[in-house]
Amino acid sequence: MFAEYCAVPFEIEPIRVHMPDGTSHISPPLAARETVASSSYINAATGLTLSRSEQSNLLTRMSLFAQPSTTNEDQLAVSVPPTRSDILHECDIMEDAAIAYGFNNLPKSMPTTNTVAKALPVNKLSDIIRKECAMAGWTEALPLILVSWILRLGRR
């Protein structure tokens, strides 16, 4: 967000970091990160029966360069660019495949287990506080440490 206010907007200036042991490296690293994702996991979580090539096409639409793995028949080799810092785990890759497919296009089914749930009182309170902050016009995020501090005050 701050990059638009730099002297040259949206430009990345690499720097060389010298470590105490005498080694150095250039930061930030802009190379793509290689990872793998299970094709069966993507199909099971989304309720689909897509082939690995179809899943690769979906992930490519989401700026993840994917192709079927040559070493494992169930895996996709995924290259995550440095612009996708939100991709941390395999579930993030599955979520991107579901987004590219379209959440409204996913098959709807009843879960295999039954649950009875309700919000905890602390969650209800934090939802009320969050809604009031938003309606007050605050644009900054409320840090979690501040929320827990507010909740501790309410318990006294």
# chains A, B, ... in the order shown; residues from 1 in each chain; ligands from 1
$ residues_around --residues "region 63-76 of chain A" --least-positions-apart "3" --cutoff "7 Å" --atoms "only C-alpha atoms" --output "NGL selection string"
:A and (36-40 or 52-53 or 56 or 59-60 or 79-81)
$ write_last_selection --atoms "N, CA and C atoms" --output "PDB file, in the first residue's frame"
ATOM      1  N   VAL A  36       4.143 -28.444  -3.808  1.00  0.00           N
ATOM      2  CA  VAL A  36       3.296 -29.469  -4.420  1.00  0.00           C
ATOM      3  C   VAL A  36       1.926 -29.446  -3.761  1.00  0.00           C
ATOM      4  N   ALA A  37       0.932 -29.924  -4.506  1.00  0.00           N
ATOM      5  CA  ALA A  37      -0.425 -30.046  -3.990  1.00  0.00           C
ATOM      6  C   ALA A  37      -0.994 -31.371  -4.465  1.00  0.00           C
ATOM      7  N   SER A  38      -1.780 -31.994  -3.635  1.00  0.00           N
ATOM      8  CA  SER A  38      -2.392 -33.280  -3.957  1.00  0.00           C
ATOM      9  C   SER A  38      -3.662 -33.063  -4.775  1.00  0.00           C
ATOM     10  N   SER A  39      -3.731 -33.716  -5.908  1.00  0.00           N
ATOM     11  CA  SER A  39      -4.905 -33.617  -6.767  1.00  0.00           C
ATOM     12  C   SER A  39      -6.131 -34.209  -6.083  1.00  0.00           C
ATOM     13  N   SER A  40      -5.953 -35.331  -5.383  1.00  0.00           N
ATOM     14  CA  SER A  40      -7.088 -35.957  -4.701  1.00  0.00           C
ATOM     15  C   SER A  40      -7.598 -35.075  -3.561  1.00  0.00           C
ATOM     16  N   ARG A  52      -5.826 -33.762 -13.302  1.00  0.00           N
ATOM     17  CA  ARG A  52      -4.709 -32.909 -12.881  1.00  0.00           C
ATOM     18  C   ARG A  52      -4.483 -31.775 -13.874  1.00  0.00           C
ATOM     19  N   SER A  53      -4.687 -32.013 -15.146  1.00  0.00           N
ATOM     20  CA  SER A  53      -4.496 -30.940 -16.133  1.00  0.00           C
ATOM     21  C   SER A  53      -5.581 -29.879 -15.997  1.00  0.00           C
ATOM     22  N   SER A  56      -4.629 -27.853 -13.049  1.00  0.00           N
ATOM     23  CA  SER A  56      -3.507 -26.979 -13.415  1.00  0.00           C
ATOM     24  C   SER A  56      -4.001 -25.750 -14.144  1.00  0.00           C
ATOM     25  N   LEU A  59      -5.552 -23.349 -11.610  1.00  0.00           N
ATOM     26  CA  LEU A  59      -4.545 -22.679 -10.796  1.00  0.00           C
ATOM     27  C   LEU A  59      -3.765 -21.647 -11.606  1.00  0.00           C
ATOM     28  N   THR A  60      -3.562 -21.907 -12.889  1.00  0.00           N
ATOM     29  CA  THR A  60      -2.875 -20.935 -13.742  1.00  0.00           C
ATOM     30  C   THR A  60      -3.703 -19.664 -13.874  1.00  0.00           C
ATOM     31  N   SER A  79       4.248 -23.600  -8.871  1.00  0.00           N
ATOM     32  CA  SER A  79       5.229 -22.541  -8.711  1.00  0.00           C
ATOM     33  C   SER A  79       4.494 -21.288  -8.237  1.00  0.00           C
ATOM     34  N   VAL A  80       4.814 -20.849  -7.034  1.00  0.00           N
ATOM     35  CA  VAL A  80       4.130 -19.706  -6.419  1.00  0.00           C
ATOM     36  C   VAL A  80       4.987 -18.458  -6.620  1.00  0.00           C
ATOM     37  N   PRO A  81       4.473 -17.442  -7.336  1.00  0.00           N
ATOM     38  CA  PRO A  81       5.263 -16.227  -7.559  1.00  0.00           C
ATOM     39  C   PRO A  81       5.375 -15.401  -6.278  1.00  0.00           C
TER      40      PRO A  81
END
$ select_by_dssp --residues "region 53-137 of chain A" --states "helix (DSSP H, G or I)" --output "ChimeraX atom specification"
/A:53-61,90-101,103-105,121-135
$ write_last_selection --atoms "N, CA and C atoms" --output "compact mmCIF listing (two decimals), in the first residue's frame"
# COMPACT_ATOMS: atom_id res chain seq x y z
N SER A 53 -4.69 -32.01 -15.15
CA SER A 53 -4.50 -30.94 -16.13
C SER A 53 -5.58 -29.88 -16.00
N GLU A 54 -6.81 -30.28 -15.69
CA GLU A 54 -7.88 -29.30 -15.46
C GLU A 54 -7.60 -28.46 -14.21
N GLN A 55 -7.11 -29.12 -13.17
CA GLN A 55 -6.74 -28.38 -11.96
C GLN A 55 -5.59 -27.42 -12.24
N SER A 56 -4.63 -27.85 -13.05
CA SER A 56 -3.51 -26.98 -13.42
C SER A 56 -4.00 -25.75 -14.14
N ASN A 57 -4.97 -25.93 -15.04
CA ASN A 57 -5.53 -24.78 -15.77
C ASN A 57 -6.23 -23.80 -14.82
N LEU A 58 -6.96 -24.34 -13.85
CA LEU A 58 -7.63 -23.48 -12.87
C LEU A 58 -6.61 -22.68 -12.06
N LEU A 59 -5.55 -23.35 -11.61
CA LEU A 59 -4.54 -22.68 -10.80
C LEU A 59 -3.77 -21.65 -11.61
N THR A 60 -3.56 -21.91 -12.89
CA THR A 60 -2.88 -20.93 -13.74
C THR A 60 -3.70 -19.66 -13.87
N ARG A 61 -5.02 -19.79 -13.87
CA ARG A 61 -5.89 -18.61 -13.90
C ARG A 61 -5.73 -17.75 -12.65
N GLU A 90 -1.04 -26.11 1.43
CA GLU A 90 -1.78 -26.80 0.38
C GLU A 90 -3.24 -26.37 0.35
N CYS A 91 -3.80 -26.05 1.52
CA CYS A 91 -5.20 -25.63 1.56
C CYS A 91 -5.40 -24.30 0.84
N ASP A 92 -4.38 -23.45 0.80
CA ASP A 92 -4.48 -22.19 0.06
C ASP A 92 -4.52 -22.45 -1.44
N ILE A 93 -3.79 -23.46 -1.89
CA ILE A 93 -3.82 -23.83 -3.31
C ILE A 93 -5.19 -24.41 -3.65
N MET A 94 -5.73 -25.26 -2.78
CA MET A 94 -7.07 -25.81 -2.99
C MET A 94 -8.11 -24.70 -3.05
N GLU A 95 -7.98 -23.71 -2.17
CA GLU A 95 -8.92 -22.60 -2.16
C GLU A 95 -8.86 -21.81 -3.47
N ASP A 96 -7.66 -21.61 -4.01
CA ASP A 96 -7.54 -20.91 -5.28
C ASP A 96 -8.16 -21.70 -6.42
N ALA A 97 -8.03 -23.02 -6.38
CA ALA A 97 -8.68 -23.85 -7.41
C ALA A 97 -10.20 -23.70 -7.32
N ALA A 98 -10.73 -23.66 -6.09
CA ALA A 98 -12.18 -23.50 -5.91
C ALA A 98 -12.64 -22.11 -6.36
N ILE A 99 -11.84 -21.09 -6.11
CA ILE A 99 -12.19 -19.73 -6.55
C ILE A 99 -12.20 -19.67 -8.07
N ALA A 100 -11.18 -20.27 -8.71
CA ALA A 100 -11.12 -20.25 -10.17
C ALA A 100 -12.28 -21.04 -10.78
N TYR A 101 -12.68 -22.13 -10.14
CA TYR A 101 -13.82 -22.92 -10.63
C TYR A 101 -15.12 -22.14 -10.44
N PHE A 103 -17.11 -20.54 -6.71
CA PHE A 103 -17.74 -21.09 -5.51
C PHE A 103 -19.19 -21.48 -5.78
N ASN A 104 -19.91 -20.67 -6.56
CA ASN A 104 -21.32 -20.98 -6.84
C ASN A 104 -21.49 -22.17 -7.76
N ASN A 105 -20.42 -22.58 -8.45
CA ASN A 105 -20.49 -23.73 -9.35
C ASN A 105 -20.11 -25.04 -8.66
N PRO A 121 -19.77 -16.60 23.89
CA PRO A 121 -20.03 -15.22 24.30
C PRO A 121 -18.91 -14.25 23.92
N VAL A 122 -17.66 -14.69 24.03
CA VAL A 122 -16.55 -13.82 23.69
C VAL A 122 -16.55 -13.50 22.18
N ASN A 123 -16.95 -14.47 21.35
CA ASN A 123 -17.04 -14.22 19.91
C ASN A 123 -18.18 -13.27 19.59
N LYS A 124 -19.29 -13.41 20.29
CA LYS A 124 -20.41 -12.50 20.06
C LYS A 124 -20.00 -11.07 20.41
N LEU A 125 -19.28 -10.92 21.52
CA LEU A 125 -18.84 -9.59 21.93
C LEU A 125 -17.87 -8.99 20.91
N SER A 126 -16.92 -9.80 20.44
CA SER A 126 -15.95 -9.27 19.47
C SER A 126 -16.65 -8.92 18.15
N ASP A 127 -17.68 -9.66 17.76
CA ASP A 127 -18.44 -9.31 16.56
C ASP A 127 -19.15 -7.98 16.74
N ILE A 128 -19.72 -7.75 17.92
CA ILE A 128 -20.39 -6.48 18.19
C ILE A 128 -19.41 -5.33 18.14
N ILE A 129 -18.24 -5.51 18.76
CA ILE A 129 -17.21 -4.46 18.75
C ILE A 129 -16.74 -4.19 17.33
N ARG A 130 -16.50 -5.26 16.56
CA ARG A 130 -16.04 -5.10 15.18
C ARG A 130 -17.07 -4.33 14.35
N LYS A 131 -18.35 -4.66 14.52
CA LYS A 131 -19.40 -3.99 13.75
C LYS A 131 -19.49 -2.51 14.14
N GLU A 132 -19.40 -2.22 15.44
CA GLU A 132 -19.46 -0.84 15.89
C GLU A 132 -18.28 -0.03 15.35
N CYS A 133 -17.09 -0.63 15.34
CA CYS A 133 -15.91 0.06 14.80
C CYS A 133 -16.10 0.37 13.32
N ALA A 134 -16.66 -0.58 12.59
CA ALA A 134 -16.88 -0.36 11.16
C ALA A 134 -17.92 0.72 10.93
N MET A 135 -18.99 0.72 11.75
CA MET A 135 -20.04 1.73 11.56
C MET A 135 -19.58 3.11 12.01
$ select_by_dssp --residues "chain A" --states "strand (DSSP E)" --output "list of chain:residue names"
A:Ile15, A:Arg16, A:Val17, A:His18, A:Ser24, A:His25, A:Ile26, A:Ser27, A:Arg33, A:Glu34, A:Thr35, A:Val36, A:Ala37, A:Ser38, A:Phe65, A:Ala66, A:Gln67, A:Pro68, A:Gln75, A:Leu76, A:Ala77, A:Val78, A:Ser79, A:Val80
$ atom_distance --atom1 "CA of Thr113 (chain A)" --atom2 "CA of Ala45 (chain A)"
15.1 Å
$ atom_distance --atom1 "CA of Ile26 (chain A)" --atom2 "CA of Pro82 (chain A)"
14.3 Å
$ atom_distance --atom1 "CA of Ala7 (chain A)" --atom2 "CA of His25 (chain A)"
24.8 Å
$ closest_residue --among "A:Cys6, A:Leu106, A:Val116, A:Leu30" --to "Leu48 (chain A)" --atoms "only C-alpha atoms"
A:Leu106
$ closest_residue --among "A:Trp138, A:Gly47, A:Ala31, A:Gly22" --to "Ser109 (chain A)" --atoms "only C-alpha atoms"
A:Gly47
$ decode --residues "region 91-113 of chain A" --atoms "C-alpha atoms" --output "CSV table (one decimal), in the first residue's frame"
chain,number,residue,atom,x,y,z
A,91,CYS,CA,-5.2,-25.6,1.6
A,92,ASP,CA,-4.5,-22.2,0.1
A,93,ILE,CA,-3.8,-23.8,-3.3
A,94,MET,CA,-7.1,-25.8,-3.0
A,95,GLU,CA,-8.9,-22.6,-2.2
A,96,ASP,CA,-7.5,-20.9,-5.3
A,97,ALA,CA,-8.7,-23.8,-7.4
A,98,ALA,CA,-12.2,-23.5,-5.9
A,99,ILE,CA,-12.2,-19.7,-6.5
A,100,ALA,CA,-11.1,-20.3,-10.2
A,101,TYR,CA,-13.8,-22.9,-10.6
A,102,GLY,CA,-16.4,-20.6,-9.0
A,103,PHE,CA,-17.7,-21.1,-5.5
A,104,ASN,CA,-21.3,-21.0,-6.8
A,105,ASN,CA,-20.5,-23.7,-9.4
A,106,LEU,CA,-19.2,-26.2,-6.7
A,107,PRO,CA,-21.6,-29.1,-6.0
A,108,LYS,CA,-23.8,-28.7,-2.9
A,109,SER,CA,-24.1,-31.6,-0.6
A,110,MET,CA,-25.1,-32.3,3.0
A,111,PRO,CA,-22.2,-32.9,5.4
A,112,THR,CA,-21.6,-36.5,6.6
A,113,THR,CA,-21.6,-35.5,10.2
